[in-house]
Amino acid sequence: MVDGWWALARSEEVTSAKPINVDLAGQPIVLWRDRGGVARALEDRCPHRRAPLSLGCVLGNGMIQCGYHGWTFDGATGHLKDIPNLKSDTKFPALYRANAFAVAESGGFLRVCLDAKAAPPAPASETLPLSGTVNVALDHEHYIAALFDDPSLVLAMRGVRFTPYLMAELAEREGRLVLERSCQWAGPRWPSPFSSDFPITLRISTDPVTGECDLLLRDDAFNPLLSATLAPVPAARGVTQVRWRAKLATRRPGLMAKWLGAGTPLTVLPAIDGAALRVLKPSASIHAAALREAMTTATPQAGAA
Amino acid sequence: MLDVKDTAVTDDHADPVIGDPRAFAEKVAAWVPHDIVLKDAWFPLAHGFAVTEKPVRRAVYSQPYFLWREGGKAVAAECHPADGLTASKSAYTDAAGRYPVIEKYGYVWCWLGNPANAAPEHLPSLPYLPEDGGLPLHMLGTVRFDCTAPLSLENLIDLTHADFLHADVVGDEKMDKETVEVFHDTESITMVRTCVNKSVAPVMKLFGGVKSDVQQVRQVIRIYLRSHAAIAYGRFSPGDNVQLFHPCVPETRDRTRLDYTMNTSNVKKNNPFRYVMPKASYKVSRQDSSMTSPQSPRYMRPEKRKDLHSPLDEAGQKYRVLMLALAERQARGDFAHRDNVSADCSEIIGYQKP
Ligand code: FES
Ligand SMILES: [Fe+2]
């Protein structure tokens, strides 16, 4: 939990108009933007009387003011800068501070590391235009296992049918957990158990620490059709908050590939079908924990790409 | 969960508030209000009008109280009359399963603790409420707080919060000067806040006919510790005085019931403030709950990190320490009242009887 860079918000969710509350497992975090547009993250707990700072406001100077008694904090350091009712310019001792966390923003995601001194992850090269956030009542580990074993339980791609067959089982590739699943186009087709070849595949490449996934839907000529980033974050009470971004390739040969763009190409489901999940047999996910374990002990600092 | 012990007076009479500052700070930091359960106290469980022939149910720390009238006289029992006396009757009631009851100030007060210790002199003094009740219904109301009762009272006794949380009702933090004085004994704490040229309370500007932009304010909060009941008395110039009785009944350790009285009979009959101010509690209490509700779970267990304080928090810190001192004393079996809460406190709160 401590060494990961977790995508706790999409860039557009965080403004200087109103702070927002997110959480990473048991840790409540307040996010906002200061005057220069820089995103800030503090523990969402005022050190005065433990009120959530997210119920306060962002002042004109970019600092956050607790809504309870007005204590005002600097976002970069968490230092207490003002108690308005004291009507004085006293400097407060260094102990007077809220916990500050490291923030890195790139690719339309705001990532937070609980270790304030962590080196930022490599920035993303582009910001995918489509995006959304869902709250799924399933814990983080089982959510990712469901994505590995049957993507249709957690998402839908327009006109795409996920088969039970993998082109490559889950394995480590350059610091990430990667698998590739064969897919069919929807419609009347020869059933997948009897198909010799499949026209498309879905590649899922996962950060071993955070479970953040890059999805790539390709056709059999290796044309990328749809790419997406799915960032599941363990939130309070076993909920997984999933923020995602996606982009449809402009050149998509074939009728069904074109059809992908005729509506919403990617839907991340807000709820999981419990009946289907309960009987889902573990397959691709079966070695995930062991692989993750081996990778994270070998490379202590594995950040999200 | 509750048990009754005999009153055994302990000899530890040191004032925890004026003792060693380090010990004081440690007590402040050891504050887990969720765990504080005080006994041998009167609780105002219902407005007098709410108690009729038909029993109503109330609770203090989940302990059941059924209230009704017999021949006009309010009574309180542990079991519903339709349910009869159950074998699990507690030691808080007599052989017939009845609690000690007093009707005063427009409330039915019930005793929680050893019935033998129930005495009228342990019932708090509330100078601006008529002893026989009888205030019009529009001055009475019920609100609930989604938090433990001591947090509600800690909220109340630190009025800095009103400048931020209730700015749209009572005005913001803009003023020339603010002073806070605190007085206490073993059973009560009184905070007097004086503000010079404070932003006028919008509720007075909109409904009270106050024209100026600033007013001189003197607010008093007096908490009767065991009963979790508070007086909130405000003098505003220009403006009318605000006379609120704010009893926080700990129905459970994490939920609080407030049957309040906002006595506006001092306000002229043709001034809308007389009718609007008692209703402001509905808005104000939700604003308070927005903070105290998320606070409450954060004060349920001992916490390694100490809360930080400002010089304006003197009252709140002393409230914590006095509550803990009472709780510790009761844990040792000492339930004696060392100070008299029923003595008229008009002078202490600066109230002049009309
Ligand atoms: S709790 Fe934040 S200022 Fe008091
Ligand atoms: Fe309040």
# chains A, B, ... in the order shown; residues from 1 in each chain; ligands from 1
>>> residues_near_ligand(ligand="ligand 2", cutoff="7 Å", atoms="only C-alpha atoms and all ligand atoms", output="PyMOL selection string")
chain B and resi 155-156+161-162+165-166+284-285+287-288
>>> write_last_selection(atoms="all heavy atoms", output="mmCIF file, in the first residue's frame")
data_model
loop_
_atom_site.group_PDB
_atom_site.id
_atom_site.type_symbol
_atom_site.label_atom_id
_atom_site.label_comp_id
_atom_site.auth_asym_id
_atom_site.auth_seq_id
_atom_site.Cartn_x
_atom_site.Cartn_y
_atom_site.Cartn_z
ATOM 1 N N ASN B 155 -18.237 20.389 20.841
ATOM 2 C CA ASN B 155 -18.555 21.260 19.713
ATOM 3 C C ASN B 155 -19.147 22.567 20.216
ATOM 4 O O ASN B 155 -18.731 23.658 19.847
ATOM 5 C CB ASN B 155 -19.522 20.508 18.781
ATOM 6 C CG ASN B 155 -20.377 21.417 17.905
ATOM 7 O OD1 ASN B 155 -21.242 22.122 18.398
ATOM 8 N ND2 ASN B 155 -20.140 21.396 16.607
ATOM 9 N N LEU B 156 -20.097 22.442 21.129
ATOM 10 C CA LEU B 156 -20.820 23.620 21.613
ATOM 11 C C LEU B 156 -19.911 24.558 22.391
ATOM 12 O O LEU B 156 -20.004 25.778 22.269
ATOM 13 C CB LEU B 156 -21.975 23.151 22.501
ATOM 14 C CG LEU B 156 -22.938 24.228 22.991
ATOM 15 C CD1 LEU B 156 -23.715 24.809 21.830
ATOM 16 C CD2 LEU B 156 -23.894 23.651 24.029
ATOM 17 N N HIS B 161 -16.176 27.456 16.194
ATOM 18 C CA HIS B 161 -16.749 26.678 15.096
ATOM 19 C C HIS B 161 -17.958 27.385 14.485
ATOM 20 O O HIS B 161 -18.235 27.246 13.301
ATOM 21 C CB HIS B 161 -17.129 25.273 15.565
ATOM 22 C CG HIS B 161 -18.500 25.158 16.161
ATOM 23 N ND1 HIS B 161 -18.757 25.356 17.489
ATOM 24 C CD2 HIS B 161 -19.705 24.884 15.592
ATOM 25 C CE1 HIS B 161 -20.046 25.201 17.721
ATOM 26 N NE2 HIS B 161 -20.650 24.908 16.590
ATOM 27 N N ALA B 162 -18.681 28.149 15.303
ATOM 28 C CA ALA B 162 -19.895 28.792 14.799
ATOM 29 C C ALA B 162 -19.562 29.789 13.682
ATOM 30 O O ALA B 162 -20.337 29.976 12.746
ATOM 31 C CB ALA B 162 -20.624 29.492 15.938
ATOM 32 N N LEU B 165 -18.931 27.153 10.668
ATOM 33 C CA LEU B 165 -19.997 26.204 10.353
ATOM 34 C C LEU B 165 -21.366 26.895 10.277
ATOM 35 O O LEU B 165 -22.219 26.510 9.488
ATOM 36 C CB LEU B 165 -20.005 25.138 11.460
ATOM 37 C CG LEU B 165 -20.379 23.727 11.082
ATOM 38 C CD1 LEU B 165 -19.667 23.280 9.841
ATOM 39 C CD2 LEU B 165 -20.042 22.791 12.242
ATOM 40 N N HIS B 166 -21.572 27.898 11.100
ATOM 41 C CA HIS B 166 -22.886 28.553 11.153
ATOM 42 C C HIS B 166 -22.808 30.013 10.707
ATOM 43 O O HIS B 166 -23.637 30.826 11.113
ATOM 44 C CB HIS B 166 -23.461 28.510 12.572
ATOM 45 C CG HIS B 166 -23.365 27.177 13.245
ATOM 46 N ND1 HIS B 166 -23.763 26.009 12.642
ATOM 47 C CD2 HIS B 166 -22.905 26.821 14.475
ATOM 48 C CE1 HIS B 166 -23.545 24.992 13.490
ATOM 49 N NE2 HIS B 166 -23.024 25.468 14.591
ATOM 50 N N VAL B 284 -28.988 24.652 12.121
ATOM 51 C CA VAL B 284 -27.719 24.675 12.845
ATOM 52 C C VAL B 284 -27.292 23.264 13.265
ATOM 53 O O VAL B 284 -26.120 22.898 13.167
ATOM 54 C CB VAL B 284 -27.845 25.620 14.065
ATOM 55 C CG1 VAL B 284 -26.683 25.422 15.026
ATOM 56 C CG2 VAL B 284 -27.906 27.064 13.600
ATOM 57 N N SER B 285 -28.251 22.459 13.693
ATOM 58 C CA SER B 285 -27.883 21.124 14.172
ATOM 59 C C SER B 285 -27.388 20.237 13.035
ATOM 60 O O SER B 285 -26.517 19.390 13.227
ATOM 61 C CB SER B 285 -29.069 20.459 14.858
ATOM 62 O OG SER B 285 -30.084 20.192 13.923
ATOM 63 N N GLN B 287 -25.748 21.377 10.459
ATOM 64 C CA GLN B 287 -24.388 21.863 10.187
ATOM 65 C C GLN B 287 -23.426 21.258 11.208
ATOM 66 O O GLN B 287 -22.344 20.790 10.852
ATOM 67 C CB GLN B 287 -24.360 23.399 10.264
ATOM 68 C CG GLN B 287 -25.148 24.053 9.132
ATOM 69 C CD GLN B 287 -25.305 25.563 9.305
ATOM 70 O OE1 GLN B 287 -25.378 26.061 10.429
ATOM 71 N NE2 GLN B 287 -25.364 26.284 8.199
ATOM 72 N N ASP B 288 -23.823 21.232 12.468
ATOM 73 C CA ASP B 288 -22.970 20.628 13.499
ATOM 74 C C ASP B 288 -22.752 19.146 13.219
ATOM 75 O O ASP B 288 -21.643 18.637 13.286
ATOM 76 C CB ASP B 288 -23.599 20.792 14.885
ATOM 77 C CG ASP B 288 -23.398 22.201 15.420
ATOM 78 O OD1 ASP B 288 -22.320 22.765 15.208
ATOM 79 O OD2 ASP B 288 -24.341 22.732 16.043
#
>>> closest_atom_pairs(of="chain A", to="chain B", cutoff="9 Å", atoms="only C-alpha atoms", output="Markdown table")
| residue | atom | partner | partner_atom | distance |
| --- | --- | --- | --- | --- |
| A:Cys46 | CA | B:Asp307 | CA | 8.9 |
| A:Pro47 | CA | B:Asp307 | CA | 5.7 |
| A:His48 | CA | B:Leu308 | CA | 4.7 |
| A:Arg49 | CA | B:Asp307 | CA | 6.2 |
| A:Arg50 | CA | B:Gln295 | CA | 6.0 |
| A:Ala51 | CA | B:Gln295 | CA | 5.5 |
| A:Pro52 | CA | B:Pro294 | CA | 7.1 |
| A:Leu55 | CA | B:Met291 | CA | 8.1 |
| A:Cys66 | CA | B:Phe164 | CA | 8.8 |
| A:Gly67 | CA | B:Phe164 | CA | 6.1 |
| A:Tyr68 | CA | B:His161 | CA | 5.3 |
| A:His69 | CA | B:His161 | CA | 4.5 |
| A:Gly70 | CA | B:Phe164 | CA | 6.4 |
| A:Ile83 | CA | B:Ser310 | CA | 8.0 |
| A:Pro84 | CA | B:Glu173 | CA | 7.4 |
| A:Asn85 | CA | B:Glu173 | CA | 6.4 |
| A:Leu86 | CA | B:Leu312 | CA | 7.6 |
| A:Lys87 | CA | B:Lys177 | CA | 8.0 |
| A:Leu95 | CA | B:Leu308 | CA | 8.8 |
| A:Tyr96 | CA | B:Leu308 | CA | 7.0 |
| A:Arg97 | CA | B:Leu308 | CA | 9.0 |
>>> write_last_selection(atoms="N, CA and C atoms", output="PDB file, in the first residue's frame")
ATOM      1  N   CYS A  46      -8.348  16.647   9.910  1.00  0.00           N
ATOM      2  CA  CYS A  46      -7.737  17.846  10.477  1.00  0.00           C
ATOM      3  C   CYS A  46      -7.063  17.460  11.792  1.00  0.00           C
ATOM      4  N   PRO A  47      -5.808  17.892  11.989  1.00  0.00           N
ATOM      5  CA  PRO A  47      -5.115  17.499  13.227  1.00  0.00           C
ATOM      6  C   PRO A  47      -5.665  18.220  14.453  1.00  0.00           C
ATOM      7  N   HIS A  48      -6.573  19.168  14.246  1.00  0.00           N
ATOM      8  CA  HIS A  48      -7.157  19.876  15.381  1.00  0.00           C
ATOM      9  C   HIS A  48      -8.199  18.999  16.074  1.00  0.00           C
ATOM     10  N   ARG A  49      -9.316  18.712  15.395  1.00  0.00           N
ATOM     11  CA  ARG A  49     -10.365  17.884  16.002  1.00  0.00           C
ATOM     12  C   ARG A  49     -10.822  16.762  15.076  1.00  0.00           C
ATOM     13  N   ARG A  50      -9.924  16.378  14.146  1.00  0.00           N
ATOM     14  CA  ARG A  50     -10.135  15.182  13.302  1.00  0.00           C
ATOM     15  C   ARG A  50     -11.293  15.305  12.318  1.00  0.00           C
ATOM     16  N   ALA A  51     -11.773  16.490  12.056  1.00  0.00           N
ATOM     17  CA  ALA A  51     -12.836  16.653  11.055  1.00  0.00           C
ATOM     18  C   ALA A  51     -12.236  16.415   9.670  1.00  0.00           C
ATOM     19  N   PRO A  52     -13.042  15.914   8.724  1.00  0.00           N
ATOM     20  CA  PRO A  52     -12.513  15.749   7.365  1.00  0.00           C
ATOM     21  C   PRO A  52     -12.227  17.117   6.728  1.00  0.00           C
ATOM     22  N   LEU A  55     -14.430  18.659   3.907  1.00  0.00           N
ATOM     23  CA  LEU A  55     -15.666  19.410   4.126  1.00  0.00           C
ATOM     24  C   LEU A  55     -15.387  20.909   4.164  1.00  0.00           C
ATOM     25  N   CYS A  66     -10.041  24.187   6.910  1.00  0.00           N
ATOM     26  CA  CYS A  66     -10.968  23.255   7.547  1.00  0.00           C
ATOM     27  C   CYS A  66     -12.293  23.972   7.793  1.00  0.00           C
ATOM     28  N   GLY A  67     -13.379  23.278   7.516  1.00  0.00           N
ATOM     29  CA  GLY A  67     -14.700  23.886   7.642  1.00  0.00           C
ATOM     30  C   GLY A  67     -15.191  23.964   9.077  1.00  0.00           C
ATOM     31  N   TYR A  68     -14.431  23.383  10.016  1.00  0.00           N
ATOM     32  CA  TYR A  68     -14.938  23.317  11.383  1.00  0.00           C
ATOM     33  C   TYR A  68     -14.541  24.544  12.202  1.00  0.00           C
ATOM     34  N   HIS A  69     -13.202  24.803  12.314  1.00  0.00           N
ATOM     35  CA  HIS A  69     -12.762  25.978  13.073  1.00  0.00           C
ATOM     36  C   HIS A  69     -11.814  26.839  12.262  1.00  0.00           C
ATOM     37  N   GLY A  70     -11.735  26.552  10.969  1.00  0.00           N
ATOM     38  CA  GLY A  70     -11.005  27.443  10.076  1.00  0.00           C
ATOM     39  C   GLY A  70      -9.500  27.270  10.008  1.00  0.00           C
ATOM     40  N   ILE A  83      -4.749  30.246  11.898  1.00  0.00           N
ATOM     41  CA  ILE A  83      -5.968  30.001  12.666  1.00  0.00           C
ATOM     42  C   ILE A  83      -6.665  31.356  12.685  1.00  0.00           C
ATOM     43  N   PRO A  84      -7.640  31.547  11.804  1.00  0.00           N
ATOM     44  CA  PRO A  84      -8.164  32.907  11.591  1.00  0.00           C
ATOM     45  C   PRO A  84      -8.571  33.616  12.889  1.00  0.00           C
ATOM     46  N   ASN A  85      -9.178  32.887  13.824  1.00  0.00           N
ATOM     47  CA  ASN A  85      -9.674  33.551  15.026  1.00  0.00           C
ATOM     48  C   ASN A  85      -8.572  34.041  15.959  1.00  0.00           C
ATOM     49  N   LEU A  86      -7.349  33.574  15.749  1.00  0.00           N
ATOM     50  CA  LEU A  86      -6.265  34.060  16.605  1.00  0.00           C
ATOM     51  C   LEU A  86      -5.884  35.487  16.247  1.00  0.00           C
ATOM     52  N   LYS A  87      -6.230  35.905  15.028  1.00  0.00           N
ATOM     53  CA  LYS A  87      -5.934  37.271  14.580  1.00  0.00           C
ATOM     54  C   LYS A  87      -4.475  37.635  14.863  1.00  0.00           C
ATOM     55  N   LEU A  95       5.396  20.855  14.174  1.00  0.00           N
ATOM     56  CA  LEU A  95       4.493  19.776  14.580  1.00  0.00           C
ATOM     57  C   LEU A  95       3.042  20.051  14.169  1.00  0.00           C
ATOM     58  N   TYR A  96       2.741  21.325  13.965  1.00  0.00           N
ATOM     59  CA  TYR A  96       1.374  21.698  13.605  1.00  0.00           C
ATOM     60  C   TYR A  96       1.165  21.500  12.111  1.00  0.00           C
ATOM     61  N   ARG A  97       0.837  20.284  11.761  1.00  0.00           N
ATOM     62  CA  ARG A  97       0.674  19.992  10.341  1.00  0.00           C
ATOM     63  C   ARG A  97      -0.268  18.823  10.131  1.00  0.00           C
TER      64      ARG A  97
END
>>> select_by_dssp(residues="stretch 158-299 of chain A", states="strand (DSSP E)", output="MDAnalysis selection string")
chainID A and resid 160:173 176:185 200:206 213:219 224:234 240:248 266:268
>>> closest_residue(among="A:His287, A:Arg158, A:Lys81, A:Arg278", to="ligand 1", atoms="only C-alpha atoms and all ligand atoms")
A:Lys81
>>> residues_around(residues="A:Asn61", least_positions_apart="3", cutoff="9 Å", atoms="only C-alpha atoms", output="VMD selection string")
chain A and resid 34 to 35 58 64
>>> write_last_selection(atoms="C-alpha atoms", output="mmCIF file, in the first residue's frame")
data_model
loop_
_atom_site.group_PDB
_atom_site.id
_atom_site.type_symbol
_atom_site.label_atom_id
_atom_site.label_comp_id
_atom_site.auth_asym_id
_atom_site.auth_seq_id
_atom_site.Cartn_x
_atom_site.Cartn_y
_atom_site.Cartn_z
ATOM 1 C CA ASP A 34 -3.951 25.109 -5.544
ATOM 2 C CA ARG A 35 -3.867 28.454 -7.305
ATOM 3 C CA VAL A 58 -9.974 26.038 -0.970
ATOM 4 C CA ILE A 64 -7.183 24.394 2.260
#
>>> residues_around(residues="A:Leu114", least_positions_apart="5", cutoff="9 Å", atoms="only C-alpha atoms", output="list in words")
Met1, Val2, Asp3, Gly4, Trp5, Trp6, Ala100, Phe101, Ala102 and Val103 of chain A
>>> write_last_selection(atoms="N, CA, C and O atoms", output="compact mmCIF listing (two decimals), in the first residue's frame")
# COMPACT_ATOMS: atom_id res chain seq x y z
N MET A 1 0.84 -1.21 0.00
CA MET A 1 0.00 0.00 0.00
C MET A 1 0.87 1.26 0.00
O MET A 1 0.62 2.22 -0.68
N VAL A 2 1.96 1.21 0.79
CA VAL A 2 2.75 2.42 1.00
C VAL A 2 3.59 2.77 -0.22
O VAL A 2 3.80 3.94 -0.53
N ASP A 3 4.09 1.75 -0.94
CA ASP A 3 5.03 2.08 -2.01
C ASP A 3 4.39 2.23 -3.39
O ASP A 3 5.07 2.50 -4.36
N GLY A 4 3.10 2.08 -3.50
CA GLY A 4 2.48 2.21 -4.81
C GLY A 4 2.08 3.63 -5.12
O GLY A 4 1.90 4.45 -4.23
N TRP A 5 1.98 3.91 -6.41
CA TRP A 5 1.38 5.17 -6.87
C TRP A 5 -0.04 4.85 -7.31
O TRP A 5 -0.23 4.21 -8.33
N TRP A 6 -0.98 5.28 -6.54
CA TRP A 6 -2.37 4.88 -6.75
C TRP A 6 -3.15 5.99 -7.48
O TRP A 6 -3.11 7.15 -7.06
N ALA A 100 0.97 15.06 4.75
CA ALA A 100 0.96 15.33 3.31
C ALA A 100 1.41 14.08 2.56
O ALA A 100 2.26 13.33 3.03
N PHE A 101 0.82 13.87 1.39
CA PHE A 101 1.20 12.73 0.55
C PHE A 101 1.75 13.23 -0.78
O PHE A 101 1.43 14.34 -1.21
N ALA A 102 2.53 12.37 -1.44
CA ALA A 102 3.10 12.76 -2.73
C ALA A 102 2.03 12.63 -3.82
O ALA A 102 1.23 11.71 -3.80
N VAL A 103 2.03 13.58 -4.74
CA VAL A 103 1.06 13.57 -5.83
C VAL A 103 1.82 13.67 -7.16
O VAL A 103 2.77 14.43 -7.27
>>> select_by_dssp(residues="stretch 99-321 of chain B", states="helix (DSSP H, G or I)", output="PyMOL selection string")
chain B and resi 115-117+120-122+137-139+149-157+160-165+167-170+202-207+273-299+311-321
>>> closest_residue(among="A:Gln65, A:Asn99, A:Thr133, A:Ser192", to="ligand 1", atoms="only C-alpha atoms and all ligand atoms")
A:Gln65
>>> atom_distance(atom1="atom CA of B:Asn271", atom2="atom CA of B:Gly133")
22.6 Å
>>> residues_around(residues="stretch 91-106 of chain B", least_positions_apart="6", cutoff="7 Å", atoms="only C-alpha atoms", output="PyMOL selection string")
chain B and resi 4+47-48+75-78+85+112-115+118+129-134
>>> closest_residue(among="A:Asp149, A:Asp220, A:Glu212, A:Glu293", to="A:Ala276", atoms="only C-alpha atoms")
A:Asp149
>>> residues_around(residues="B:Val217", least_positions_apart="4", cutoff="7 Å", atoms="only C-alpha atoms", output="list in words")
Thr194, Cys195, Val196, Arg235, Phe236 and Ser237 of chain B
>>> residues_around(residues="B:Glu26", least_positions_apart="4", cutoff="10 Å", atoms="only C-alpha atoms", output="number ranges by chain")
B: 21-22, 30-31, 306, 321
>>> write_last_selection(atoms="N, CA, C and O atoms", output="PDB file, in the first residue's frame")
ATOM      1  N   PRO B  21       0.653  20.894  34.335  1.00  0.00           N
ATOM      2  CA  PRO B  21       0.230  21.049  32.927  1.00  0.00           C
ATOM      3  C   PRO B  21       0.514  19.820  32.068  1.00  0.00           C
ATOM      4  O   PRO B  21      -0.219  19.548  31.119  1.00  0.00           O
ATOM      5  N   ARG B  22       1.582  19.085  32.412  1.00  0.00           N
ATOM      6  CA  ARG B  22       1.880  17.891  31.606  1.00  0.00           C
ATOM      7  C   ARG B  22       0.823  16.820  31.821  1.00  0.00           C
ATOM      8  O   ARG B  22       0.357  16.175  30.870  1.00  0.00           O
ATOM      9  N   ALA B  30      -5.886  11.763  26.167  1.00  0.00           N
ATOM     10  CA  ALA B  30      -6.454  10.431  26.441  1.00  0.00           C
ATOM     11  C   ALA B  30      -7.960  10.390  26.230  1.00  0.00           C
ATOM     12  O   ALA B  30      -8.632   9.452  26.650  1.00  0.00           O
ATOM     13  N   TRP B  31      -8.468  11.382  25.574  1.00  0.00           N
ATOM     14  CA  TRP B  31      -9.909  11.581  25.399  1.00  0.00           C
ATOM     15  C   TRP B  31     -10.514  10.548  24.451  1.00  0.00           C
ATOM     16  O   TRP B  31     -10.241  10.580  23.252  1.00  0.00           O
ATOM     17  N   LYS B 306      -1.790  12.892  19.043  1.00  0.00           N
ATOM     18  CA  LYS B 306      -2.498  13.829  19.908  1.00  0.00           C
ATOM     19  C   LYS B 306      -3.166  14.912  19.068  1.00  0.00           C
ATOM     20  O   LYS B 306      -2.597  15.390  18.084  1.00  0.00           O
ATOM     21  N   VAL B 321     -10.961  17.094  30.389  1.00  0.00           N
ATOM     22  CA  VAL B 321     -10.280  16.666  31.616  1.00  0.00           C
ATOM     23  C   VAL B 321     -11.277  16.503  32.756  1.00  0.00           C
ATOM     24  O   VAL B 321     -11.191  15.553  33.542  1.00  0.00           O
TER      25      VAL B 321
END
>>> closest_residue(among="A:Pro93, A:Pro224, A:Pro19, A:Pro191", to="A:Thr250", atoms="only C-alpha atoms")
A:Pro224
>>> closest_residue(among="A:Leu225, A:Ala9, A:Ala289, A:Leu277", to="A:Leu31", atoms="only C-alpha atoms")
A:Ala9
>>> closest_residue(among="A:Glu12, A:Val22, A:Ala275, A:Asp44", to="ligand 1", atoms="only C-alpha atoms and all ligand atoms")
A:Asp44
>>> decode(residues="stretch 88-101 of chain B", atoms="N, CA, C and O atoms", output="tab-separated table (two decimals), in the first residue's frame")
chain	number	residue	atom	x	y	z
B	88	SER	N	-35.01	-9.47	34.15
B	88	SER	CA	-33.71	-8.84	33.94
B	88	SER	C	-33.68	-7.38	34.40
B	88	SER	O	-32.82	-6.63	34.00
B	89	LYS	N	-34.62	-7.00	35.19
B	89	LYS	CA	-34.67	-5.63	35.70
B	89	LYS	C	-33.32	-5.22	36.29
B	89	LYS	O	-32.66	-5.98	36.97
B	90	SER	N	-32.92	-3.96	36.01
B	90	SER	CA	-31.61	-3.50	36.48
B	90	SER	C	-31.71	-2.95	37.90
B	90	SER	O	-32.79	-2.85	38.48
B	91	ALA	N	-30.56	-2.52	38.40
B	91	ALA	CA	-30.51	-1.93	39.75
B	91	ALA	C	-30.84	-0.44	39.72
B	91	ALA	O	-30.77	0.23	40.73
B	92	TYR	N	-31.19	0.08	38.53
B	92	TYR	CA	-31.49	1.51	38.41
B	92	TYR	C	-32.92	1.85	38.82
B	92	TYR	O	-33.28	3.02	38.87
B	93	THR	N	-33.73	0.81	39.00
B	93	THR	CA	-35.13	1.07	39.32
B	93	THR	C	-35.50	0.40	40.63
B	93	THR	O	-34.80	-0.51	41.10
B	94	ASP	N	-36.62	0.86	41.19
B	94	ASP	CA	-37.05	0.28	42.47
B	94	ASP	C	-37.73	-1.07	42.24
B	94	ASP	O	-37.77	-1.57	41.10
B	95	ALA	N	-38.29	-1.63	43.32
B	95	ALA	CA	-38.87	-2.97	43.23
B	95	ALA	C	-39.96	-3.04	42.17
B	95	ALA	O	-40.17	-4.08	41.53
B	96	ALA	N	-40.64	-1.91	41.95
B	96	ALA	CA	-41.72	-1.88	40.96
B	96	ALA	C	-41.19	-1.57	39.56
B	96	ALA	O	-41.95	-1.43	38.62
B	97	GLY	N	-39.88	-1.45	39.44
B	97	GLY	CA	-39.29	-1.17	38.14
B	97	GLY	C	-39.39	0.29	37.73
B	97	GLY	O	-39.26	0.62	36.55
B	98	ARG	N	-39.59	1.17	38.72
B	98	ARG	CA	-39.73	2.60	38.42
B	98	ARG	C	-38.43	3.37	38.70
B	98	ARG	O	-37.73	3.09	39.66
B	99	TYR	N	-38.18	4.36	37.83
B	99	TYR	CA	-37.04	5.26	38.04
B	99	TYR	C	-37.46	6.48	38.86
B	99	TYR	O	-38.63	6.89	38.78
B	100	PRO	N	-36.52	7.10	39.54
B	100	PRO	CA	-36.83	8.41	40.13
B	100	PRO	C	-37.12	9.43	39.02
B	100	PRO	O	-36.44	9.42	37.98
B	101	VAL	N	-38.13	10.26	39.23
B	101	VAL	CA	-38.56	11.24	38.21
B	101	VAL	C	-38.79	12.59	38.87
B	101	VAL	O	-39.32	12.67	39.98
